[in-house]
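Worksheet: the structure to be examined is printed underneath.
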Amino acid sequence: MSRAMSGDRASQSRDRGTPLGSGAVSSRLVVGRNVRKVDGVKLVTGGAAFTDDVQIPGMLHGKILPSPHAHARIRRIDTSKAKALAGVHAVLTYKDVPRVPHTTAGQAWPEPSPYDTYLLDSKVRFVGDRVAAVAAESRAIAERALGLIEVEYEILPAVLDMEQAMAEGVAVIHDEPDSTKIYDREHNIAGYILREIGNVDQGFAECDYIIEREYRTQRQQHCPLEPHVTICWLDADGRLVIRTSTQVPYHCRRQVAMILQIPLSRVHVIKPRIGGGFGGKQEMVLEDICGALALATRRPVKIEFTREEEFYMARSRHPQILRMKMGVKRDGTVIASQLTVLATTGAYGSHSTTVQGNTGSKVLPLYRAPNMRFECHVVYTNTPVAGAFRGYGCPQGFFAQETLVDEIACELGMDPLEFHRHNVIRLGDTDLLSAQLGEGKEGLPRLVRSCGLPQCMETAARAIGWAQKRKKFPNGHSHLRRGVGMACTMQGSGIAGVDWASAFLKMNEDGSFYLQVGASDVGGGADTVLSQIAAETLGVSLDKIVITSGDTDITPFDVGAYASSTTIISGGAVKKAAGKVRAQVLELASKMLDAPVDQLDCGNNEVFTTCVCRKSVSMSDLAMQAMYREKLQIMDGASHFNTDSPAPFCATFAEVEVDTETGQVRVLHLASAVDPGTAINPMQAEGQVEGAVAQGLGYALTEELLLDAAGRPVNPNFLDYKMFAATDMPKLTTILIETDEPLGPYGAKSISEVPINGPAPAIANAIFHAVGVRIRKLPIRPEDVLRALHAERPANLEEEALLTP
Amino acid sequence: MLGSRGVFAMKTMELHLTVNGKSLNWSIAPGELLLDLLRRQGYFGVKRGCEKGECGACAVLLDGKPINSCLMFAAQAEGREILTIEGVADGDKLDPLQEAFLDYGAVQCGFCTSGMVISAKALLLRRPDPSEEEVREALAGHLCRCTGYTKPVEAVLAAASKKKNRARRVKPVAEVAR
């Protein structure tokens with residue numbers, strides 16, 4: 001089986017909003033080009049680039065004692081034996097640290113997540129919750145010390161099933177009085193959302209067909225190859241330095257200062273290279289406790305999660321039960337849709353209402369229905385904490401919606417592709433649900449100013465051979481049946497009106513520029529893309545940009561790497577700052593070349609006149625003139641935010657082979673066509689798609705963090721939690737359909753999240769095409785398929801038939 | 001009672017080995033893992049991803065064969081030759097594999113990159129012109145959460161077939177906008 005390389009990228013030229021055919025040649029020299037990652041050499045040579053790649057003299061090793069119980073009160077805790085162990089420098093329990101309610105969600109202030117978490121508490125709420133923390137001279141001593149801490153627990157009834165969490169008489173997980181922003185603590189409800197546009201009941205009454213189904217999604221873990229790791233120390237001035245694997249250095253600084261009750265100005269957060277985040281590092285998981293240990297010992301302290309700890313003590317994707325109802329006219333026009341979600345946030349409400357809000361606001365408006373309702377309960381359970389995870393609520397929502405839509409199309413006798421063509425959001429549309437449903441509050445309407453979705457659908461359909469295979473399959477009497485399925489998805493580009501970023505640039509004597517951004521490259525290539533934007537704007541080659549990112553002492557503010565915001569928001573700030581610096585450059589050049597500014601341009605590392613005289617001055621000569629004759633540092637900075645969140649679009653098509661004897665599903669080919677606006681670095685953009693697809697394949701077929709009846713993790717390791725490896729991957733086709741987004745720097749939107757949403761529904765739909773059974777839970781395991789195949793009647797007839805009102 | 005340096009500090013032993021062509025004598029603790037030793041000695045390119053031999057981030061070549069350094073006691077490396085990612089380039093001159101990883105966008109976060117390059121190096125020493133299946137097989141022990149493996153596989157194939165003149169995907173940095 002040969003696999004397509006990613007070279008089959010459809011190159012598209014640009015026009016405002018819609019993609020055009022090839023022909024137009026870009027005048028851009030750096031933006032839109034494949035360039036090497038600016039931080040690449042140190043990564044391929046094993047340079048000391050990551051958080052843990054330092055040796056600090058006198059550094060202690062921190063360890064956290066995880067709760068063995070899902071729900072318990074600490075009746076007595078005795079640390080004396082642990083403290084007496086030689087080499088132990090500190091043992092902290094809830095008695096030793098400030099009690100400050102907070103959220104670990106790295107969100108903009110005021111965080112929309114409940115303040116229900118404490119540095120250490122007298123109550124533990126999931127297996128893996130913090131009981132105590134130790135700092136010792138070696139990891140072995142620290143581990144030994146954990147075993148010497150004597151704890152007497154009062155074991156409380158645990159709430160593990162999210163469907164039981166709201167029932168009367170069930171244990172209350174957050175009974176502490178000082179937590180705030182919890183929707184209904186008595187019923188374990190962290191957050192509740194109800195939003196409606198149009199009139200859904202009336203809309204359903206107007207429909208010819210209505211269909212309603214229930215879907216279930218699982219607990220997926222981020223599995224960054226680098227587990228969370230933090231090193232804290234006090235610098236020579238006594239300030240707390242936090243070198244950490246974070247996506248959100250600035251939020252981390254603010255939160256740690258609040259929790260440890262030290263002035264914010266006394267905290268310095270450094271984000272080195274990060275070994276993958278995927279949302280899991282948009283969380284303050286270790287920084288607070290590591291900081292507390294450093295303050296207690298006055299020594300450098302490192303805490304590094306083991307892989308097992310990463311699985312259950314870090315974060316995961318919110319499991320959901322989704323009830324989706326959609327009503328259509330006889331011709332397939334969607335009139336009304338309703339999504340009712342029950343989700344669990346685990347023991348703490350990190351990202352609870354915002355992830356689940358996205359399940360509605362980013363999913364339902366894909367269809368142009370005038371009537372939509374979204375209702376959601378997010379409940380606490382005594383399970384590992386859920387949080388931000390690439391897709392942020394959309395993979396769950398799109399699994400439900402795109403599987404339901406396929407079912408509707410099939411029942412109507414319509415080609416699902418035709419159903420999508422007929423119904424999906426298009427250029428010029430306004431998504432009004434997003435106006436109601438923002439970041440934990442009212443949002444802003446989303447206007448579609450660029451949309452390549454129709455082209456995404458057509459090119460990906462061609463790549464998979466949709467027209468022929470839809471007719472040809474299902475094939476013959478072999479036990480191996482093939483089928484094709486599709487899904488369309490969208491996302492956002494930054495949180496409208498919330499996410500903002502800043503950038504600062506200064507010119508050096510040799511005509512190079514120093515670029516400082518708060519943005520956090522977590523491996524996706526933000527430093528490269530931001531450097532490309534700066535170089536393009538200043539008319540210099542990429543090697544003339546020297547970037548520093550994600551250091552709260554050195555770089556200006558940025559909310560951090562999340563919500564697909566970095567390219568559009570941080571990139572917007574860089575473009576603005578570079579524009580200001582360019583103006584200063586031109587002003588000095590005007591003097592030097594004796595030409596008006598409007599007859600000057602930058603490019604090729606020089607400033608030149610655009611008139612026939614063709615005078616020019618090199619950037620380096622100009623810089624020397626500025627610094628040593630004019631006594632002028634050419635420098636400027638800028639801040640940037642958007643009041644809209646332009647949607648990137650994606651069409652995902654899958655071809656599968658189902659073994660009817662074993663239930664095994666093999667994905668043969670997965671084609672993703674994505675509209676990211678302008679791809680600043682197409683090669684990196686493709687990489688984002690391919691990585692998201694690999695995670696999406698795992699979400700669809702193999703990945704689930706399982707808990708036993710006591711809430712203990714069953715499979716916290718890479719053998720039992722199956723990620724796709726190089727030999728498991730299907731043939732991938734990645735297609736970029738570029739559009740020109742007016743709100744983005746050089747027309748860019750975003751790309752990192754949207755492609756993760758499609759694989760699960762596209763595969764589920766392909767399975768139905770192959771063998772006629774609907775699987776409505778993730779991951780789709782062989783036994784699920786086999787069970788459905790062995791049901792006496794085809795599963796789709798087993799369900800209630802289509803209702804006619 | 002244990003000394004203040006922990007359970008492993010009760011005794012030390014001398015280890016003689018070759019790392020990246022350099023003959024070395026190191027003092028180690030009997031229970032020390034090769035991964036921990038190498039990182040302690042500053043070979044930070046050897047990554048700690050799982051400590052169970054499941055992710056491949058800590059891979060090094062032991063006498064030319066890729067192994068997970070988290071699954072081996074340092075003491076077992078006595079008299080052996082080790083190649084880490086730090087020894088793959090020839091001074092400032094990158095190995096063709098490293099060049100290809102950069103040119104084909106095979107590096108995202110870079111945490112799994114060392115292991116992948118190391119295993120690919122072993123593959124190309126054994127099979128200078130491997131098939132795509134062989135490349136995937138060689139990388140199968142290296143979990144990557146960023147790339148979906150497409151570009152790393154592409155990079156290894158490109159490095160292997162320099163003679164076939166695969167087109168470079170990127171322009172050198174200094175040439176962009178020139």
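To be explicit about the labels: the chains of the structure tokens are called A, B, and onward in the order shown, and within each one the residues are counted from 1, while ligands get numbers from 1 in the order they are shown.
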
For this session: Would you list, as a PyMOL selection string, the residues of chain B that end up in alpha helix (DSSP H) under DSSP run on this structure's backbone?
Result: chain B and resi 34-40+96-103+113-126+132-139+150-160

Contacts of range 79-89 of chain B at 7 Å (only C-alpha atoms; same-chain gap of 5+ positions) as a PDB file with N, CA and C atoms, in the first residue's frame:
```pdb
ATOM      1  N   THR A  45      19.887  18.895  16.103  1.00  0.00           N
ATOM      2  CA  THR A  45      21.232  18.533  16.579  1.00  0.00           C
ATOM      3  C   THR A  45      21.241  18.182  18.067  1.00  0.00           C
ATOM      4  N   GLY A  46      20.077  18.192  18.701  1.00  0.00           N
ATOM      5  CA  GLY A  46      20.029  17.835  20.116  1.00  0.00           C
ATOM      6  C   GLY A  46      20.502  18.942  21.030  1.00  0.00           C
TER       7      GLY A  46
ATOM      8  N   HIS B  16      33.824   2.635  31.288  1.00  0.00           N
ATOM      9  CA  HIS B  16      34.618   3.054  30.128  1.00  0.00           C
ATOM     10  C   HIS B  16      33.776   2.830  28.895  1.00  0.00           C
ATOM     11  N   LEU B  17      33.562   3.870  28.136  1.00  0.00           N
ATOM     12  CA  LEU B  17      32.777   3.710  26.910  1.00  0.00           C
ATOM     13  C   LEU B  17      33.170   4.786  25.920  1.00  0.00           C
ATOM     14  N   THR B  18      32.639   4.673  24.715  1.00  0.00           N
ATOM     15  CA  THR B  18      32.886   5.680  23.694  1.00  0.00           C
ATOM     16  C   THR B  18      31.560   6.353  23.373  1.00  0.00           C
ATOM     17  N   VAL B  19      31.539   7.671  23.481  1.00  0.00           N
ATOM     18  CA  VAL B  19      30.338   8.408  23.118  1.00  0.00           C
ATOM     19  C   VAL B  19      30.702   9.392  22.012  1.00  0.00           C
ATOM     20  N   ASN B  20      30.033   9.255  20.898  1.00  0.00           N
ATOM     21  CA  ASN B  20      30.246  10.130  19.742  1.00  0.00           C
ATOM     22  C   ASN B  20      31.733  10.208  19.364  1.00  0.00           C
ATOM     23  N   GLY B  45      20.167  16.075  24.198  1.00  0.00           N
ATOM     24  CA  GLY B  45      19.389  15.643  23.034  1.00  0.00           C
ATOM     25  C   GLY B  45      18.733  14.291  23.234  1.00  0.00           C
ATOM     26  N   VAL B  46      19.199  13.550  24.232  1.00  0.00           N
ATOM     27  CA  VAL B  46      18.594  12.259  24.572  1.00  0.00           C
ATOM     28  C   VAL B  46      17.409  12.563  25.490  1.00  0.00           C
ATOM     29  N   VAL B  60      19.415   5.958  21.273  1.00  0.00           N
ATOM     30  CA  VAL B  60      20.812   6.201  20.873  1.00  0.00           C
ATOM     31  C   VAL B  60      21.255   4.967  20.097  1.00  0.00           C
ATOM     32  N   LEU B  61      22.342   5.102  19.362  1.00  0.00           N
ATOM     33  CA  LEU B  61      22.888   3.926  18.700  1.00  0.00           C
ATOM     34  C   LEU B  61      23.914   3.277  19.620  1.00  0.00           C
ATOM     35  N   LEU B  62      23.747   1.975  19.835  1.00  0.00           N
ATOM     36  CA  LEU B  62      24.692   1.205  20.627  1.00  0.00           C
ATOM     37  C   LEU B  62      25.379   0.262  19.649  1.00  0.00           C
ATOM     38  N   ASP B  63      26.654   0.502  19.416  1.00  0.00           N
ATOM     39  CA  ASP B  63      27.384  -0.252  18.390  1.00  0.00           C
ATOM     40  C   ASP B  63      26.591  -0.301  17.078  1.00  0.00           C
ATOM     41  N   LEU B  94      25.798  19.649   9.037  1.00  0.00           N
ATOM     42  CA  LEU B  94      24.710  18.746   9.397  1.00  0.00           C
ATOM     43  C   LEU B  94      24.763  17.485   8.542  1.00  0.00           C
ATOM     44  N   ASP B  95      24.286  16.408   9.137  1.00  0.00           N
ATOM     45  CA  ASP B  95      24.118  15.159   8.415  1.00  0.00           C
ATOM     46  C   ASP B  95      22.995  15.350   7.383  1.00  0.00           C
ATOM     47  N   SER B 114      15.230  13.781  17.844  1.00  0.00           N
ATOM     48  CA  SER B 114      16.531  13.117  18.062  1.00  0.00           C
ATOM     49  C   SER B 114      16.399  11.624  17.852  1.00  0.00           C
ATOM     50  N   ILE B 118      18.124   9.366  14.921  1.00  0.00           N
ATOM     51  CA  ILE B 118      19.024   8.276  15.310  1.00  0.00           C
ATOM     52  C   ILE B 118      18.613   6.956  14.660  1.00  0.00           C
TER      53      ILE B 118
END
```

Exercise. Residues at most 9 Å from Arg127 in chain B, counting only C-alpha atoms, excluding those fewer than 5 positions away in the same chain, as number ranges by chain?
Worked result: B: 122, 134, 160

Keeping C-alpha atoms, export the residues of the selection given above as a PDB file, in the first residue's frame.
```
ATOM      1  CA  ALA B 122      20.834   3.262  11.696  1.00  0.00           C
ATOM      2  CA  GLU B 134      11.126   0.178   5.598  1.00  0.00           C
ATOM      3  CA  ALA B 160      18.480   8.432   1.346  1.00  0.00           C
TER       4      ALA B 160
END
```

For this session: Calculate how many Å separate CA of Lys722 in chain A from CA of Met683 in chain A, rounding to one decimal.
Result: 27.4 Å

Which residues of chain A have any atom within 6 Å of an atom in chain B when counting only C-alpha atoms, and what is the closest pair of atoms for each, with the distance in Å to one decimal? Order the rows by chain and rising number and write it as CSV.
```
residue,atom,partner,partner_atom,distance
A:Leu29,CA,B:Ala177,CA,4.8
A:Val30,CA,B:Ala177,CA,5.8
A:Asn34,CA,B:Val170,CA,4.9
A:Val35,CA,B:Val170,CA,5.0
A:Arg36,CA,B:Leu102,CA,5.6
A:Leu43,CA,B:Gly110,CA,5.3
A:Val44,CA,B:Gln98,CA,5.8
A:Thr45,CA,B:Glu86,CA,5.6
A:Gly46,CA,B:Gly45,CA,3.7
A:Ala48,CA,B:Phe44,CA,5.6
A:Asp53,CA,B:Phe44,CA,5.6
A:Ala86,CA,B:Ser4,CA,5.3
A:Gly87,CA,B:Ser4,CA,4.8
A:Ile141,CA,B:Gly6,CA,5.7
A:Leu225,CA,B:Gly49,CA,5.6
A:Glu226,CA,B:Gly49,CA,5.7
A:Gly275,CA,B:Cys109,CA,5.0
A:Gly276,CA,B:Cys109,CA,5.6
A:Arg307,CA,B:Cys50,CA,4.9
A:Gly523,CA,B:Cys109,CA,3.4
A:Gly524,CA,B:Gln108,CA,5.6
A:Ser541,CA,B:Ala177,CA,4.7
A:Leu542,CA,B:Val173,CA,5.6
A:Asp543,CA,B:Ala174,CA,5.3
A:Asn604,CA,B:Arg178,CA,4.9
A:Gly687,CA,B:Thr147,CA,5.6
A:Glu690,CA,B:Gly148,CA,4.9
A:Gly691,CA,B:Thr147,CA,4.2
A:Ala694,CA,B:Gly148,CA,4.9
A:Phe718,CA,B:Glu54,CA,5.9
A:Ala725,CA,B:Ala140,CA,5.6
A:Ala726,CA,B:Ala140,CA,5.0
A:Thr727,CA,B:Arg136,CA,5.4
```

Just the selected residues (N, CA and C atoms), exported as an mmCIF file, in the first residue's frame, please.
```cif
data_model
loop_
_atom_site.group_PDB
_atom_site.id
_atom_site.type_symbol
_atom_site.label_atom_id
_atom_site.label_comp_id
_atom_site.auth_asym_id
_atom_site.auth_seq_id
_atom_site.Cartn_x
_atom_site.Cartn_y
_atom_site.Cartn_z
ATOM 1 N N LEU A 29 7.740 37.900 -0.832
ATOM 2 C CA LEU A 29 9.020 37.216 -0.923
ATOM 3 C C LEU A 29 9.265 36.238 0.217
ATOM 4 N N VAL A 30 8.682 36.506 1.361
ATOM 5 C CA VAL A 30 8.932 35.643 2.512
ATOM 6 C C VAL A 30 7.643 34.959 2.951
ATOM 7 N N ASN A 34 7.893 28.263 1.726
ATOM 8 C CA ASN A 34 8.379 27.219 2.622
ATOM 9 C C ASN A 34 9.778 27.585 3.077
ATOM 10 N N VAL A 35 9.924 27.883 4.334
ATOM 11 C CA VAL A 35 11.267 28.129 4.868
ATOM 12 C C VAL A 35 11.491 27.180 6.040
ATOM 13 N N ARG A 36 12.757 26.946 6.334
ATOM 14 C CA ARG A 36 13.091 26.122 7.490
ATOM 15 C C ARG A 36 12.623 26.795 8.773
ATOM 16 N N LEU A 43 17.100 21.923 17.188
ATOM 17 C CA LEU A 43 16.238 20.769 17.437
ATOM 18 C C LEU A 43 16.728 19.504 16.736
ATOM 19 N N VAL A 44 17.336 19.645 15.563
ATOM 20 C CA VAL A 44 17.837 18.431 14.886
ATOM 21 C C VAL A 44 19.227 18.018 15.369
ATOM 22 N N THR A 45 19.887 18.895 16.103
ATOM 23 C CA THR A 45 21.232 18.533 16.579
ATOM 24 C C THR A 45 21.241 18.182 18.067
ATOM 25 N N GLY A 46 20.077 18.192 18.701
ATOM 26 C CA GLY A 46 20.029 17.835 20.116
ATOM 27 C C GLY A 46 20.502 18.942 21.030
ATOM 28 N N ALA A 48 20.533 22.003 23.705
ATOM 29 C CA ALA A 48 19.826 22.113 24.987
ATOM 30 C C ALA A 48 18.745 23.178 24.869
ATOM 31 N N ASP A 53 16.484 20.861 29.899
ATOM 32 C CA ASP A 53 17.842 20.747 29.356
ATOM 33 C C ASP A 53 18.798 21.737 30.020
ATOM 34 N N ALA A 86 17.004 11.796 55.380
ATOM 35 C CA ALA A 86 18.157 12.591 54.931
ATOM 36 C C ALA A 86 17.999 12.961 53.468
ATOM 37 N N GLY A 87 18.235 14.196 53.144
ATOM 38 C CA GLY A 87 18.139 14.655 51.761
ATOM 39 C C GLY A 87 16.805 15.312 51.440
ATOM 40 N N ILE A 141 15.157 9.923 46.489
ATOM 41 C CA ILE A 141 14.838 10.312 47.868
ATOM 42 C C ILE A 141 13.435 10.904 47.920
ATOM 43 N N LEU A 225 4.922 14.588 23.707
ATOM 44 C CA LEU A 225 6.059 13.706 23.972
ATOM 45 C C LEU A 225 6.876 14.193 25.164
ATOM 46 N N GLU A 226 6.854 15.506 25.396
ATOM 47 C CA GLU A 226 7.489 16.034 26.605
ATOM 48 C C GLU A 226 6.414 16.167 27.686
ATOM 49 N N GLY A 275 7.915 20.711 24.181
ATOM 50 C CA GLY A 275 7.768 19.448 23.460
ATOM 51 C C GLY A 275 6.324 19.065 23.222
ATOM 52 N N GLY A 276 5.585 19.977 22.630
ATOM 53 C CA GLY A 276 4.180 19.724 22.324
ATOM 54 C C GLY A 276 3.279 20.162 23.456
ATOM 55 N N ARG A 307 5.491 9.712 32.661
ATOM 56 C CA ARG A 307 4.453 9.514 31.636
ATOM 57 C C ARG A 307 3.136 9.105 32.285
ATOM 58 N N GLY A 523 5.898 24.405 19.415
ATOM 59 C CA GLY A 523 6.336 23.381 18.476
ATOM 60 C C GLY A 523 5.670 23.522 17.117
ATOM 61 N N GLY A 524 4.625 24.294 17.065
ATOM 62 C CA GLY A 524 3.882 24.458 15.817
ATOM 63 C C GLY A 524 4.562 25.360 14.807
ATOM 64 N N SER A 541 15.602 39.806 4.390
ATOM 65 C CA SER A 541 15.593 38.348 4.333
ATOM 66 C C SER A 541 15.378 37.798 5.740
ATOM 67 N N LEU A 542 14.921 36.550 5.769
ATOM 68 C CA LEU A 542 14.498 35.975 7.046
ATOM 69 C C LEU A 542 15.631 35.900 8.066
ATOM 70 N N ASP A 543 16.870 35.747 7.596
ATOM 71 C CA ASP A 543 17.988 35.656 8.541
ATOM 72 C C ASP A 543 18.275 36.991 9.215
ATOM 73 N N ASN A 604 14.893 43.366 -0.406
ATOM 74 C CA ASN A 604 16.238 42.953 -0.728
ATOM 75 C C ASN A 604 17.258 43.508 0.271
ATOM 76 N N GLY A 687 2.016 20.439 7.894
ATOM 77 C CA GLY A 687 2.416 19.666 9.069
ATOM 78 C C GLY A 687 1.382 19.751 10.176
ATOM 79 N N GLU A 690 -1.434 17.388 9.144
ATOM 80 C CA GLU A 690 -1.090 15.970 9.280
ATOM 81 C C GLU A 690 -1.046 15.538 10.744
ATOM 82 N N GLY A 691 -0.515 16.414 11.598
ATOM 83 C CA GLY A 691 -0.468 16.090 13.027
ATOM 84 C C GLY A 691 -1.855 16.046 13.638
ATOM 85 N N ALA A 694 -3.535 12.844 12.640
ATOM 86 C CA ALA A 694 -3.064 11.684 13.398
ATOM 87 C C ALA A 694 -3.737 11.628 14.767
ATOM 88 N N PHE A 718 1.890 4.160 27.104
ATOM 89 C CA PHE A 718 1.753 4.140 25.647
ATOM 90 C C PHE A 718 1.524 2.739 25.074
ATOM 91 N N ALA A 725 1.114 5.133 15.372
ATOM 92 C CA ALA A 725 2.549 5.172 15.084
ATOM 93 C C ALA A 725 2.738 5.262 13.565
ATOM 94 N N ALA A 726 3.992 5.389 13.149
ATOM 95 C CA ALA A 726 4.277 5.608 11.720
ATOM 96 C C ALA A 726 3.703 4.501 10.844
ATOM 97 N N THR A 727 3.699 3.276 11.386
ATOM 98 C CA THR A 727 3.218 2.137 10.591
ATOM 99 C C THR A 727 1.691 2.007 10.628
#
```

For this session: Enumerate as a list in words all residues of range 45-155 of chain B assigned to strand (DSSP E or B) by DSSP on the backbone, naming them with the chain letters and numbers the document uses.
Result: Ala59, Val60, Leu61, Leu62, Lys65, Pro66, Ile67, Asn68, Phe73, Glu81, Ile82, Leu83, Asp90 and Lys93 of chain B

Dump as a PDB file, in the first residue's frame, selection limited to N, CA and C atoms:
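So out-v7.pdb came out as:
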```pdb
ATOM      1  N   ALA B  59      16.258   7.325  22.229  1.00  0.00           N
ATOM      2  CA  ALA B  59      17.046   6.380  21.435  1.00  0.00           C
ATOM      3  C   ALA B  59      18.473   6.885  21.184  1.00  0.00           C
ATOM      4  N   VAL B  60      19.415   5.958  21.273  1.00  0.00           N
ATOM      5  CA  VAL B  60      20.812   6.201  20.873  1.00  0.00           C
ATOM      6  C   VAL B  60      21.255   4.967  20.097  1.00  0.00           C
ATOM      7  N   LEU B  61      22.342   5.102  19.362  1.00  0.00           N
ATOM      8  CA  LEU B  61      22.888   3.926  18.700  1.00  0.00           C
ATOM      9  C   LEU B  61      23.914   3.277  19.620  1.00  0.00           C
ATOM     10  N   LEU B  62      23.747   1.975  19.835  1.00  0.00           N
ATOM     11  CA  LEU B  62      24.692   1.205  20.627  1.00  0.00           C
ATOM     12  C   LEU B  62      25.379   0.262  19.649  1.00  0.00           C
ATOM     13  N   LYS B  65      23.373   0.037  16.556  1.00  0.00           N
ATOM     14  CA  LYS B  65      21.973  -0.376  16.597  1.00  0.00           C
ATOM     15  C   LYS B  65      21.172   0.543  17.506  1.00  0.00           C
ATOM     16  N   PRO B  66      19.965   0.938  17.069  1.00  0.00           N
ATOM     17  CA  PRO B  66      19.176   1.830  17.922  1.00  0.00           C
ATOM     18  C   PRO B  66      18.626   1.095  19.143  1.00  0.00           C
ATOM     19  N   ILE B  67      18.767   1.726  20.288  1.00  0.00           N
ATOM     20  CA  ILE B  67      18.200   1.155  21.523  1.00  0.00           C
ATOM     21  C   ILE B  67      17.550   2.291  22.308  1.00  0.00           C
ATOM     22  N   ASN B  68      16.625   1.920  23.177  1.00  0.00           N
ATOM     23  CA  ASN B  68      16.056   2.897  24.095  1.00  0.00           C
ATOM     24  C   ASN B  68      16.966   2.992  25.311  1.00  0.00           C
ATOM     25  N   PHE B  73      20.802  -0.313  31.739  1.00  0.00           N
ATOM     26  CA  PHE B  73      21.659   0.222  32.790  1.00  0.00           C
ATOM     27  C   PHE B  73      22.902   0.824  32.140  1.00  0.00           C
ATOM     28  N   GLU B  81      30.170   1.326  22.084  1.00  0.00           N
ATOM     29  CA  GLU B  81      30.247   2.594  21.372  1.00  0.00           C
ATOM     30  C   GLU B  81      28.853   3.178  21.239  1.00  0.00           C
ATOM     31  N   ILE B  82      28.704   4.407  21.671  1.00  0.00           N
ATOM     32  CA  ILE B  82      27.384   5.034  21.646  1.00  0.00           C
ATOM     33  C   ILE B  82      27.402   6.247  20.730  1.00  0.00           C
ATOM     34  N   LEU B  83      26.341   6.356  19.942  1.00  0.00           N
ATOM     35  CA  LEU B  83      26.157   7.574  19.151  1.00  0.00           C
ATOM     36  C   LEU B  83      24.867   8.236  19.608  1.00  0.00           C
ATOM     37  N   ASP B  90      28.667  16.535  11.606  1.00  0.00           N
ATOM     38  CA  ASP B  90      30.126  16.564  11.577  1.00  0.00           C
ATOM     39  C   ASP B  90      30.537  18.007  11.879  1.00  0.00           C
ATOM     40  N   LYS B  93      28.713  20.890  10.190  1.00  0.00           N
ATOM     41  CA  LYS B  93      28.098  20.357   8.968  1.00  0.00           C
ATOM     42  C   LYS B  93      27.050  19.317   9.345  1.00  0.00           C
TER      43      LYS B  93
END
```

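Across the model, the gap from CA of Arg213 in chain A to CA of Arg426 in chain A is 26.4 Å.
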
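Closest approach to Leu15 in chain B among B:Leu33, B:Met72, B:Leu38, B:Ala77: B:Ala77, based on only C-alpha atoms.
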
Exercise. Within 10 Å of Trp109 in chain A, counting only C-alpha atoms, which residues qualify if same-chain residues fewer than 6 places away don't, as a PyMOL selection string?
Worked result: chain A and resi 251+254-255+498+559

So which residues touch range 580-587 of chain A within 7 Å, counting only C-alpha atoms, skipping near sequence neighbours fewer than 6 positions away, as a CSV table (one decimal) with N, CA and C atoms, in the first residue's frame?
```csv
chain,number,residue,atom,x,y,z
A,538,LEU,N,9.3,44.3,6.5
A,538,LEU,CA,10.4,45.2,6.5
A,538,LEU,C,11.3,45.0,5.2
A,597,VAL,N,9.3,60.1,1.1
A,597,VAL,CA,9.0,58.8,1.6
A,597,VAL,C,8.1,58.0,0.7
A,600,LEU,N,9.7,55.7,-1.8
A,600,LEU,CA,10.7,54.7,-1.3
A,600,LEU,C,10.0,53.4,-1.0
A,634,ILE,N,16.2,52.9,16.1
A,634,ILE,CA,15.0,52.6,15.4
A,634,ILE,C,14.3,51.4,16.1
A,635,MET,N,13.1,51.7,16.6
A,635,MET,CA,12.4,50.6,17.3
A,635,MET,C,10.9,51.1,17.5
A,636,ASP,N,10.1,50.1,17.6
A,636,ASP,CA,8.7,50.3,17.9
A,636,ASP,C,7.9,49.0,18.3
```

For this session: Fewer than 6 positions away in the same chain doesn't count, so skip those; otherwise give me all residues within 12 Å of Phe608 in chain A, counting only C-alpha atoms, as a ChimeraX atom specification.
Result: /A:539,585-586,589-590,592-602,614-619,622

Seminar exercise, completed: Taken to one decimal, the CA of Gly191 in chain A-CA of Ser67 in chain A distance is 25.3 Å

For this session: Check the smallest atom-to-atom distance from each of A:Asp675, A:Glu283, A:Glu630, A:Glu375 to Arg323 in chain A using only C-alpha atoms, then report the winner.
Result: A:Glu375

Problem set entry | Who sits within 10 Å of Gly485 in chain A, only C-alpha atoms, same chain under 3 positions skipped, as number ranges by chain | A: 403, 406, 416-417, 461, 464, 466, 469-470, 652-656, 670, 759, 761-770
